2 protein chains.
Amino acid sequence: MGSDRHEEVLDALGAAIAGGELAPGSVLRSDELQERFGASRTVAREVVRVLETMRLTSSRRRVGVIVREPAEWNHYDPRLIRWQLDGPGRAVALRTLTELRSGVEPCAARFAALRATPEDRGRLRALAAHLERTARERDLSTFLGHDVAFHDLVLSASGNPMFAQLSSVVAEVLAGRTEHGLMPAEPQPEAVAWHVEVAHAVDAGEADRAERAMRDIVDQARDEIAAAVAG
Amino acid sequence: MGSDRHEEVLDALGAAIAGGELAPGSVLRSDELQERFGASRTVAREVVRVLETMRLTSSRRRVGVIVREPAEWNHYDPRLIRWQLDGPGRAVALRTLTELRSGVEPCAARFAALRATPEDRGRLRALAAHLERTARERDLSTFLGHDVAFHDLVLSASGNPMFAQLSSVVAEVLAGRTEHGLMPAEPQPEAVAWHVEVAHAVDAGEADRAERAMRDIVDQARDEIAAAVAG
DNA sequence: TAATCAAGAAGAAGTAGTACTTAATCGAAT
DNA sequence: ATTCGATTAAGTACTACTTCTTCTTGATTA
């Protein structure tokens with residue numbers, strides 16, 4: 001699928017920029033990059049091209065490759081999200097993404113209620129039931145798995161590709177919360193109930209109710225993160 | 001800033017894929033592209049690299065460059081958005097983006113109320129006043145300009161870079177609506193009142209009120225688009 | 001003399017093309 | 001059916017050349 005050297009160098013350089021190691025305004029020269037990463041001209045050029053399309057850098061003749069301001073970056077690129085979550089800005093990135101979730105997911109739940117296939121509705125109810133059981137059994141890791149699957153399903157059942165694409169974001173955020181101790185040790189009882197409510201509402205095609213229940217879920221998550229990051 | 005041939009070829013090929021001219025699963029060979037666009041190997045390769053990072057294609061040795069399923073595309077890439085809006089999928093893209101707005105903007109208004117700078121609050125009230133006046137005067141084109149500025153400001157004042165980045169989307173959608181006759185000939189009176197309400201609520205730091213007023217705006221827009229696209 | 005503008009030198013990215021490497025697929029032979 | 005080799009197209013490396021931009025230098029002018 002991908003390449004080899006290309007991806008290595010891209011990851012290294014991208015992470016350096018996303019992590020603030022290379023400040024905005026920094027200038028890199030092509031041959032400098034070749035030396036720094038031991039890459040060929042071909043690889044260096046293609047990496048720079050990719051960073052340019054992600055709007056992390058801009059290239060100017062006779063000057064070099066310039067690191068752009070973070071505000072200009074293409075923040076929805078999965079790669080950039082990954083680099084930010086793996087870097088020093090992890091907590092802030094987690095908050096940013098959680099806020100995005102809090103906007104999008106209730107809306108996605110609404111559309112899921114209106115447009116989900118019968119199979120999706122059934123699967124959603126099944127997942128809600130699994131969540132209830134694993135929560136009762138304090139089985140945190142499988143709970144997490146089902147939680148991710150639940151939110152993914154709502155997002156893709158919304159029938160909107162832009163919502164569906166945030167699946168990976170949700171997975172990252174949910175995984176990141178537990179990993180980082182930003183989440184209660186065991187699932188909140190209300191949260192589980194709200195998931196069940198979402199599943200029932202979607203199943204019944206009740207858009208408003210689905211939206212409201214999902215809003216309860218994400219608002220709670222948002223407040224937890226905000227409290228944990230405290231910024 | 002950018003290049004020359006690179007951008008031309010990228011635009012041509014990207015638009016062809018985004019427009020469905022090259023169906024998912026289609027296989028392109030590198031030398032074929034060189035011939036088709038009269039581009040050098042360098043240019044062809046770098047274009048393919050970029051398309052690959054946008055997840056529009058994947059490359060496999062001994063096979064070629066394969067067009068991915070639309071569901072896999074990186075739908076938040078500004079370039080792809082542009083290609084879709086310029087192509088045959090324009091109406092659907094407009095609906096997709098409007099739905100995204102309807103999720104994000106109320107949330108952005110909430111955070112703007114909590115985090116906007118004093119200058120932003122002032123500018124927002126001023127813009128709301130301008131909207132009122134230009135609506136009264138039936139000055140549609142400057143109304144549109146202020147409308148775009150209004151929503152942009154709310155999004156950037158939210159303090160969340162992922163919200164801020166949707167400014168360009170809002171601009172496209174608002175411009176696209178009027179251009180395409182998907183909007184009432186003159187601004188809806190309630191919509192104008194809601195904008196004023198958002199500005200006041202943000203100014204007063206009332207998050208819930210700001211969110212609710214913005215929700216009124218985007219829900220109306222969403223329903224209008226849905227009715228117009230009817231899919 | 002100082003300031004301004006223009007021509008040109010220098011430098012780095014952009015483009016082009018060749019040669020070689022790697023790996024995945026296909027097909028033939030066991 | 002399985003293995004092994006040939007084939008093929010992308011990946012990598014390197015070189016040569018082009019273009020554009022900036023900086024320097026020097027001449028012209030107030």
# chains A, B, ... in the order shown; residues from 1 in each chain; ligands from 1
>>> interface_residues(of="chain A", to="chain C", cutoff="10 Å", atoms="only C-alpha atoms (C1' of nucleotides)", output="list in words")
Arg29, Ser30, Asp31, Arg45, Ser59, Arg60, Arg61, Arg62, Val63, Gly64 and Val65 of chain A
>>> write_last_selection(atoms="N, CA and C atoms", output="short mmCIF file (atom, residue, chain, number, x, y, z; two decimals), in the first residue's frame")
data_model
loop_
_atom_site.label_atom_id
_atom_site.label_comp_id
_atom_site.auth_asym_id
_atom_site.auth_seq_id
_atom_site.Cartn_x
_atom_site.Cartn_y
_atom_site.Cartn_z
N ARG A 29 15.89 23.56 4.20
CA ARG A 29 16.29 23.44 2.80
C ARG A 29 16.27 21.98 2.40
N SER A 30 16.00 21.78 1.15
CA SER A 30 15.80 20.43 0.64
C SER A 30 17.01 19.53 0.91
N ASP A 31 18.18 20.04 0.60
CA ASP A 31 19.38 19.20 0.78
C ASP A 31 19.67 18.96 2.26
N ARG A 45 11.75 15.29 -1.57
CA ARG A 45 10.83 16.14 -2.32
C ARG A 45 9.38 15.70 -2.12
N SER A 59 6.45 26.14 0.28
CA SER A 59 7.77 26.18 -0.33
C SER A 59 7.91 27.40 -1.21
N ARG A 60 9.02 28.06 -1.08
CA ARG A 60 9.28 29.21 -1.95
C ARG A 60 10.66 29.08 -2.56
N ARG A 61 10.73 29.33 -3.84
CA ARG A 61 12.01 29.28 -4.53
C ARG A 61 12.99 30.25 -3.90
N ARG A 62 14.20 29.83 -3.91
CA ARG A 62 15.30 30.67 -3.45
C ARG A 62 15.26 30.87 -1.92
N VAL A 63 14.25 30.33 -1.27
CA VAL A 63 14.14 30.48 0.19
C VAL A 63 14.22 29.11 0.86
N GLY A 64 13.27 28.27 0.56
CA GLY A 64 13.25 26.95 1.17
C GLY A 64 11.85 26.55 1.59
N VAL A 65 11.78 25.60 2.45
CA VAL A 65 10.50 25.09 2.93
C VAL A 65 10.21 25.76 4.26
#
>>> interface_residues(of="chain D", to="chain B", cutoff="6 Å", atoms="only C-alpha atoms (C1' of nucleotides)", output="VMD selection string")
chain D and resid 8 to 10
>>> select_by_dssp(residues="stretch 49-191 of chain A", states="strand (DSSP E or B)", output="PyMOL selection string")
chain A and resi 57-60+64-67
>>> interface_residues(of="chain A", to="chain B", cutoff="8 Å", atoms="only C-alpha atoms", output="ChimeraX atom specification")
/A:1-2,46,49-50,53,58-61,71,74-77,96-97,99-100,102-108,160-163,165
>>> write_last_selection(atoms="N, CA and C atoms", output="CSV table (one decimal), in the first residue's frame")
chain,number,residue,atom,x,y,z
A,1,MET,N,0.8,-1.2,0.0
A,1,MET,CA,0.0,0.0,0.0
A,1,MET,C,0.9,1.2,0.0
A,2,GLY,N,1.5,1.5,1.1
A,2,GLY,CA,2.3,2.7,1.2
A,2,GLY,C,3.7,2.4,0.7
A,46,GLU,N,9.2,14.4,-2.2
A,46,GLU,CA,7.8,13.9,-2.1
A,46,GLU,C,7.2,14.1,-0.7
A,49,ARG,N,6.3,17.7,-0.5
A,49,ARG,CA,5.0,17.9,-1.3
A,49,ARG,C,3.8,17.5,-0.4
A,50,VAL,N,3.9,16.4,0.3
A,50,VAL,CA,2.8,16.0,1.1
A,50,VAL,C,2.6,16.9,2.3
A,53,THR,N,0.7,19.9,1.0
A,53,THR,CA,-0.7,19.7,0.8
A,53,THR,C,-1.5,19.6,2.2
A,58,SER,N,5.0,25.6,3.5
A,58,SER,CA,4.9,26.2,2.1
A,58,SER,C,6.3,26.3,1.6
A,59,SER,N,6.5,26.1,0.3
A,59,SER,CA,7.8,26.2,-0.3
A,59,SER,C,7.9,27.4,-1.2
A,60,ARG,N,9.0,28.1,-1.1
A,60,ARG,CA,9.3,29.2,-2.0
A,60,ARG,C,10.7,29.1,-2.6
A,61,ARG,N,10.7,29.3,-3.8
A,61,ARG,CA,12.0,29.3,-4.5
A,61,ARG,C,13.0,30.3,-3.9
A,71,ALA,N,-2.5,27.7,12.8
A,71,ALA,CA,-3.8,28.0,12.4
A,71,ALA,C,-4.1,27.7,10.9
A,74,ASN,N,-3.9,21.9,8.1
A,74,ASN,CA,-5.2,21.1,7.8
A,74,ASN,C,-5.4,20.2,9.0
A,75,HIS,N,-6.1,20.7,10.0
A,75,HIS,CA,-6.3,19.9,11.2
A,75,HIS,C,-7.1,18.7,11.2
A,76,TYR,N,-7.8,18.4,10.1
A,76,TYR,CA,-8.6,17.2,10.0
A,76,TYR,C,-7.8,16.1,9.4
A,77,ASP,N,-6.6,16.3,9.0
A,77,ASP,CA,-5.8,15.2,8.4
A,77,ASP,C,-5.4,14.2,9.5
A,96,THR,N,-9.5,19.5,22.1
A,96,THR,CA,-10.0,20.0,20.8
A,96,THR,C,-10.9,18.9,20.1
A,97,LEU,N,-10.5,17.7,20.1
A,97,LEU,CA,-11.2,16.7,19.4
A,97,LEU,C,-12.5,16.3,20.1
A,99,GLU,N,-14.3,18.4,21.8
A,99,GLU,CA,-15.2,19.5,21.5
A,99,GLU,C,-15.8,19.3,20.2
A,100,LEU,N,-15.0,18.8,19.2
A,100,LEU,CA,-15.6,18.5,17.9
A,100,LEU,C,-16.6,17.4,18.0
A,102,SER,N,-18.5,16.8,20.5
A,102,SER,CA,-19.7,17.3,21.1
A,102,SER,C,-20.6,18.1,20.2
A,103,GLY,N,-20.0,18.6,19.1
A,103,GLY,CA,-20.8,19.2,18.1
A,103,GLY,C,-21.4,18.3,17.2
A,104,VAL,N,-20.6,17.3,16.7
A,104,VAL,CA,-21.0,16.5,15.6
A,104,VAL,C,-21.8,15.3,16.0
A,105,GLU,N,-21.5,14.7,17.1
A,105,GLU,CA,-22.2,13.4,17.3
A,105,GLU,C,-23.7,13.5,17.6
A,106,PRO,N,-24.2,14.5,18.3
A,106,PRO,CA,-25.6,14.6,18.5
A,106,PRO,C,-26.3,14.8,17.1
A,107,CYS,N,-25.7,15.5,16.3
A,107,CYS,CA,-26.2,15.7,14.9
A,107,CYS,C,-26.2,14.4,14.1
A,108,ALA,N,-25.1,13.7,14.3
A,108,ALA,CA,-25.0,12.4,13.6
A,108,ALA,C,-26.1,11.5,14.1
A,160,ASN,N,-23.8,10.6,6.3
A,160,ASN,CA,-23.0,11.7,5.9
A,160,ASN,C,-21.5,11.4,6.0
A,161,PRO,N,-20.8,11.4,4.9
A,161,PRO,CA,-19.4,10.9,4.9
A,161,PRO,C,-18.5,11.7,5.8
A,162,MET,N,-18.8,13.0,6.0
A,162,MET,CA,-18.0,13.8,6.8
A,162,MET,C,-18.2,13.4,8.3
A,163,PHE,N,-19.3,13.0,8.6
A,163,PHE,CA,-19.5,12.5,10.0
A,163,PHE,C,-18.8,11.1,10.1
A,165,GLN,N,-16.4,9.9,8.7
A,165,GLN,CA,-14.9,10.0,8.8
A,165,GLN,C,-14.4,10.3,10.2
>>> atom_distance(atom1="atom CA of A:Arg121", atom2="atom CA of A:Arg215")
18.8 Å
>>> select_by_dssp(residues="stretch 53-173 of chain B", states="alpha helix (DSSP H)", output="PyMOL selection string")
chain B and resi 53+78-86+90-115+118-136+140-157+161-164+167-173
>>> atom_distance(atom1="atom CA of B:Leu166", atom2="atom CA of B:Arg82")
13.1 Å
>>> atom_distance(atom1="atom CA of B:Asp216", atom2="atom CA of B:Arg115")
21.3 Å
>>> residues_around(residues="A:Glu197", least_positions_apart="3", cutoff="10 Å", atoms="only C-alpha atoms (C1' of nucleotides)", output="PyMOL selection string")
chain A and resi 125+128+191-194+200-203+209-210+212-214
